[in-house]
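Text of the file protein07.csv, holding CSV, C-alpha atoms (C1' of nucleotides):
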chain,number,residue,atom,x,y,z
A,1,MET,CA,9.3,-9.7,13.8
A,2,LYS,CA,7.4,-12.9,13.1
A,3,ASN,CA,7.7,-15.4,10.4
A,4,ASN,CA,4.2,-14.5,9.1
A,5,LEU,CA,3.4,-15.8,5.6
A,6,PHE,CA,1.8,-12.5,4.9
A,7,TYR,CA,5.0,-10.5,4.8
A,8,ASP,CA,6.8,-13.2,3.0
A,9,ARG,CA,4.1,-13.3,0.4
A,10,VAL,CA,4.2,-9.6,-0.1
A,11,PHE,CA,8.0,-9.5,-0.3
A,12,ASP,CA,7.9,-12.3,-2.8
A,13,ILE,CA,5.5,-10.4,-5.0
A,14,VAL,CA,7.5,-7.2,-4.8
A,15,ARG,CA,10.6,-9.0,-5.7
A,16,MET,CA,8.9,-10.4,-8.8
A,17,ILE,CA,8.2,-7.0,-10.1
A,18,PRO,CA,10.1,-6.8,-13.4
A,19,TYR,CA,12.6,-4.0,-14.1
A,20,GLY,CA,10.9,-0.8,-15.2
A,21,ARG,CA,7.6,-1.9,-13.8
A,22,VAL,CA,5.5,-0.9,-10.8
A,23,THR,CA,2.5,-2.3,-8.9
A,24,THR,CA,0.1,-1.0,-6.4
A,25,TYR,CA,-0.8,-2.0,-2.8
A,26,GLY,CA,-4.3,-2.9,-3.9
A,27,ALA,CA,-3.0,-5.2,-6.6
A,28,ILE,CA,-0.8,-7.1,-4.1
A,29,ALA,CA,-3.6,-7.1,-1.6
A,30,SER,CA,-6.0,-8.3,-4.2
A,31,TYR,CA,-3.6,-11.0,-5.2
A,32,LEU,CA,-3.4,-12.1,-1.6
A,33,GLY,CA,-7.2,-12.2,-1.5
A,34,SER,CA,-8.1,-8.5,-0.9
A,35,LYS,CA,-9.3,-9.7,2.5
A,36,THR,CA,-5.9,-9.1,3.8
A,37,GLY,CA,-6.4,-5.4,3.4
A,38,SER,CA,-4.5,-3.0,1.3
A,39,ARG,CA,-3.0,-1.3,4.3
A,40,LEU,CA,-1.2,-4.4,5.4
A,41,VAL,CA,0.8,-4.3,2.2
A,42,GLY,CA,2.1,-0.9,3.1
A,43,TRP,CA,2.7,-2.2,6.6
A,44,ALA,CA,4.8,-5.0,5.2
A,45,MET,CA,6.7,-2.5,3.2
A,46,ASN,CA,7.5,-0.7,6.3
A,47,VAL,CA,9.2,-3.8,7.6
A,48,SER,CA,10.9,-4.5,4.2
A,49,HIS,CA,13.6,-2.0,5.1
A,50,GLY,CA,15.3,-4.6,7.2
A,51,VAL,CA,14.5,-7.5,5.0
A,52,MET,CA,17.0,-9.2,2.8
A,53,PRO,CA,17.5,-9.4,-0.1
A,54,LYS,CA,16.6,-5.8,-0.7
A,55,ILE,CA,12.9,-5.1,-1.4
A,56,PRO,CA,12.3,-2.8,-4.4
A,57,ALA,CA,9.7,-0.9,-2.4
A,58,HIS,CA,10.1,2.0,-4.8
A,59,ARG,CA,8.2,-0.1,-7.3
A,60,VAL,CA,5.2,-0.2,-5.1
A,61,VAL,CA,2.8,2.8,-5.2
A,62,ASN,CA,-0.8,3.5,-4.4
A,63,ARG,CA,-3.6,3.1,-6.9
A,64,ILE,CA,-3.1,6.4,-8.6
A,65,GLY,CA,0.6,5.9,-9.0
A,66,MET,CA,1.6,8.5,-6.4
A,67,LEU,CA,4.8,7.8,-4.4
A,68,SER,CA,2.9,7.8,-1.2
A,69,GLY,CA,5.7,5.9,0.6
A,70,LYS,CA,8.6,8.0,-0.6
A,71,ALA,CA,8.9,9.7,2.8
A,72,HIS,CA,9.8,6.3,4.3
A,73,PHE,CA,12.8,5.8,2.1
A,74,SER,CA,16.3,6.8,3.0
A,75,SER,CA,15.7,10.0,1.2
A,76,PRO,CA,12.3,11.1,-0.3
A,77,ASN,CA,14.1,11.7,-3.6
A,78,ARG,CA,15.6,8.2,-3.6
A,79,MET,CA,12.3,6.6,-4.7
A,80,GLN,CA,11.8,9.0,-7.6
A,81,GLU,CA,15.4,8.6,-8.6
A,82,LEU,CA,15.2,4.9,-8.7
A,83,LEU,CA,12.0,4.9,-10.7
A,84,GLU,CA,13.3,7.4,-13.2
A,85,SER,CA,16.5,5.3,-13.4
A,86,GLU,CA,14.3,2.5,-14.6
A,87,GLY,CA,12.7,4.6,-17.3
A,88,ILE,CA,9.6,5.4,-15.3
A,89,ILE,CA,8.4,9.0,-15.7
A,90,VAL,CA,7.8,10.5,-12.3
A,91,GLU,CA,6.5,14.0,-11.8
A,92,ALA,CA,5.1,15.7,-8.8
A,93,ASP,CA,5.7,12.5,-6.8
A,94,LYS,CA,3.4,10.8,-9.3
A,95,ILE,CA,4.1,8.3,-12.1
A,96,GLN,CA,3.0,9.8,-15.3
A,97,ASN,CA,3.2,6.7,-17.5
A,98,PHE,CA,1.7,4.7,-14.7
A,99,ASN,CA,-0.7,3.0,-17.0
A,100,GLU,CA,2.2,1.8,-19.1
A,101,VAL,CA,4.5,0.6,-16.4
A,102,PHE,CA,1.8,-0.9,-14.2
A,103,TRP,CA,2.4,-4.5,-13.5
A,104,ASP,CA,-0.2,-6.9,-12.0
A,105,PRO,CA,1.0,-9.7,-9.7
A,106,SER,CA,-1.6,-12.0,-11.2
A,107,SER,CA,0.1,-11.4,-14.5
A,108,LEU,CA,2.8,-13.9,-13.5
A,109,ASP,CA,0.5,-15.7,-11.2
A,110,LEU,CA,2.4,-18.8,-10.0
A,111,LEU,CA,4.4,-18.9,-13.2
B,1,DT,C1',-7.6,-7.1,26.5
B,2,DG,C1',-9.1,-3.0,24.2
B,3,DA,C1',-8.2,0.9,21.5
B,4,DA,C1',-5.4,3.3,18.1
B,5,DT,C1',-2.6,3.5,14.0
B,6,DG,C1',-1.1,3.0,9.1
B,7,DA,C1',3.5,3.5,2.7
B,8,DC,C1',-4.7,2.1,1.0
B,9,DT,C1',-9.1,1.6,-1.5
B,10,DC,C1',-13.8,2.1,-2.6
B,11,DG,C1',-18.4,4.0,-2.4
B,12,DA,C1',-21.4,7.8,-1.4
B,13,DT,C1',-22.5,12.7,-1.2
C,1,DG,C1',-15.5,15.9,-10.9
C,2,DA,C1',-13.9,16.6,-6.2
C,3,DT,C1',-14.3,15.7,-1.3
C,4,DC,C1',-15.7,13.0,2.9
C,5,DG,C1',-16.3,8.8,5.3
C,6,DA,C1',-16.1,3.9,6.3
C,7,DG,C1',-13.8,-0.7,5.8
C,8,DC,C1',-10.0,-3.6,5.7
C,9,DC,C1',-6.3,-6.5,8.9
C,10,DA,C1',-1.9,-6.9,11.4
C,11,DT,C1',1.1,-4.6,14.6
C,12,DT,C1',1.9,-1.6,18.6
C,13,DC,C1',0.8,0.9,23.1

Write the structure described by the file as structure tokens, please.
Amino acid sequence: MKNNLFYDRVFDIVRMIPYGRVTTYGAIASYLGSKTGSRLVGWAMNVSHGVMPKIPAHRVVNRIGMLSGKAHFSSPNRMQELLESEGIIVEADKIQNFNEVFWDPSSLDLL
DNA sequence: TGAATGACTCGAT
DNA sequence: GATCGAGCCATTC
């Protein structure tokens, strides 16, 4: 565990995701400059389990809206349940209304 | 120190 | 339109 700005930046963005909205690893990576790599975002999420306050990692999915990281949750169903609880339609581990609930970090920018 | 891995993404075939 | 391969960077062995 290191106090890298990268993780902090990713966590901050994920925490800024509004209720009922989701974002993608690529969007976060792109917001960080895309040079950071989209995979690092997922890596940061892996660490987010022990990060406080809690990181709504369930609101972060891949570019097609598939719950790629659901397996890393306490329970694979947990991610889908949380998303559905926010009004997000999830089917076959994939967000159906992904286009509607998609949220871009640059939307808030520095706000 | 070098090589491998990973919750991804894009371009080419 | 679907499938395959390479690129991206930090962390770990």

- Hey, what's within 8 Å of range 9-13 of chain C if we count all atoms listed in the file and toss same-chain stuff fewer than 5 positions away? As a list in words, please?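 Once the adjacent positions are removed, what remains is Lys35, Thr36, Gly37, Arg39 and Leu40 of chain A.
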
- Quick one: distance from CA of His58 in chain A to C1' of DC8 in chain B in Å, one decimal?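 Taking CA of His58 in chain A as the start and C1' of DC8 in chain B as the end point, the length is 15.9 Å.
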
Using only C-alpha atoms (C1' of nucleotides), find each residue in chain B having at least one atom no more than 10 Å away from chain A; report its shortest atom-to-atom pair and that distance in Å (one decimal), rows by chain then rising number, as CSV.
residue,atom,partner,partner_atom,distance
B:DG6,C1',A:Arg39,CA,6.7
B:DA7,C1',A:Gly69,CA,3.9
B:DC8,C1',A:Arg39,CA,5.0
B:DT9,C1',A:Gly26,CA,7.0

- Rounded to one decimal in Å, what is the spacing between CA of Pro105 in chain A and CA of His49 in chain A? 20.9 Å

- Item | Within 12 Å of DG11 in chain B using all atoms listed in the file, minus same-chain residues under 6 positions, as a list in words |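 Answer for this query is DC4, DG5, DA6 and DG7 of chain C.
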
Would you fill out range 86-97 of chain A with all heavy atoms and return it as a compact mmCIF listing (two decimals), in the coordinates of the input?
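Written file, selection36.txt:
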# COMPACT_ATOMS: atom_id res chain seq x y z
N GLU A 86 14.78 3.64 -13.94
CA GLU A 86 14.30 2.50 -14.60
C GLU A 86 13.42 2.85 -15.83
O GLU A 86 12.76 2.02 -16.44
CB GLU A 86 13.45 1.63 -13.65
CG GLU A 86 14.33 1.11 -12.51
CD GLU A 86 13.56 0.17 -11.60
OE1 GLU A 86 12.37 -0.06 -11.87
OE2 GLU A 86 14.15 -0.32 -10.64
N GLY A 87 13.41 4.14 -16.14
CA GLY A 87 12.70 4.60 -17.30
C GLY A 87 11.25 4.99 -16.99
O GLY A 87 10.44 5.24 -17.88
N ILE A 88 10.95 5.05 -15.70
CA ILE A 88 9.60 5.40 -15.30
C ILE A 88 9.55 6.96 -15.12
O ILE A 88 10.39 7.54 -14.46
CB ILE A 88 9.21 4.74 -13.99
CG1 ILE A 88 9.25 3.21 -14.20
CG2 ILE A 88 7.84 5.19 -13.54
CD1 ILE A 88 9.01 2.44 -12.92
N ILE A 89 8.57 7.55 -15.75
CA ILE A 89 8.40 9.00 -15.70
C ILE A 89 7.71 9.40 -14.40
O ILE A 89 6.54 9.07 -14.20
CB ILE A 89 7.65 9.52 -16.90
CG1 ILE A 89 8.39 9.11 -18.19
CG2 ILE A 89 7.51 11.03 -16.82
CD1 ILE A 89 7.61 9.43 -19.44
N VAL A 90 8.41 10.11 -13.53
CA VAL A 90 7.80 10.50 -12.30
C VAL A 90 7.78 12.06 -12.22
O VAL A 90 8.80 12.72 -12.45
CB VAL A 90 8.60 9.99 -11.08
CG1 VAL A 90 7.98 10.45 -9.77
CG2 VAL A 90 8.65 8.47 -11.15
N GLU A 91 6.62 12.58 -11.91
CA GLU A 91 6.50 14.00 -11.80
C GLU A 91 5.54 14.38 -10.70
O GLU A 91 4.48 13.78 -10.57
CB GLU A 91 5.97 14.59 -13.15
CG GLU A 91 6.05 16.10 -13.19
CD GLU A 91 5.69 16.63 -14.57
OE1 GLU A 91 6.15 16.03 -15.55
OE2 GLU A 91 4.93 17.59 -14.64
N ALA A 92 5.94 15.33 -9.90
CA ALA A 92 5.10 15.70 -8.80
C ALA A 92 4.82 14.53 -7.87
O ALA A 92 3.69 14.34 -7.42
CB ALA A 92 3.83 16.39 -9.25
N ASP A 93 5.87 13.70 -7.64
CA ASP A 93 5.70 12.50 -6.80
C ASP A 93 4.63 11.58 -7.33
O ASP A 93 3.98 10.89 -6.58
CB ASP A 93 5.37 12.93 -5.36
CG ASP A 93 6.48 13.80 -4.79
OD1 ASP A 93 7.62 13.65 -5.23
OD2 ASP A 93 6.18 14.61 -3.91
N LYS A 94 4.48 11.60 -8.65
CA LYS A 94 3.40 10.80 -9.30
C LYS A 94 3.93 10.22 -10.57
O LYS A 94 4.59 10.90 -11.34
CB LYS A 94 2.18 11.64 -9.46
CG LYS A 94 0.99 10.82 -9.82
CD LYS A 94 -0.27 11.69 -9.74
CE LYS A 94 -0.10 12.98 -10.52
NZ LYS A 94 -1.20 13.90 -10.31
N ILE A 95 3.61 8.95 -10.82
CA ILE A 95 4.10 8.30 -12.10
C ILE A 95 3.17 8.73 -13.21
O ILE A 95 1.96 8.52 -13.19
CB ILE A 95 4.03 6.77 -11.89
CG1 ILE A 95 4.98 6.34 -10.77
CG2 ILE A 95 4.43 6.11 -13.21
CD1 ILE A 95 4.93 4.85 -10.49
N GLN A 96 3.78 9.35 -14.21
CA GLN A 96 3.00 9.80 -15.30
C GLN A 96 2.59 8.70 -16.25
O GLN A 96 1.42 8.59 -16.60
CB GLN A 96 3.89 10.85 -16.13
CG GLN A 96 4.28 12.04 -15.29
CD GLN A 96 3.05 12.76 -14.73
OE1 GLN A 96 2.10 13.03 -15.46
NE2 GLN A 96 3.05 13.04 -13.45
N ASN A 97 3.53 7.84 -16.62
CA ASN A 97 3.20 6.70 -17.50
C ASN A 97 2.82 5.48 -16.67
O ASN A 97 3.15 4.36 -17.01
CB ASN A 97 4.35 6.39 -18.43
CG ASN A 97 5.63 6.11 -17.65
OD1 ASN A 97 5.73 6.44 -16.46
ND2 ASN A 97 6.59 5.51 -18.30
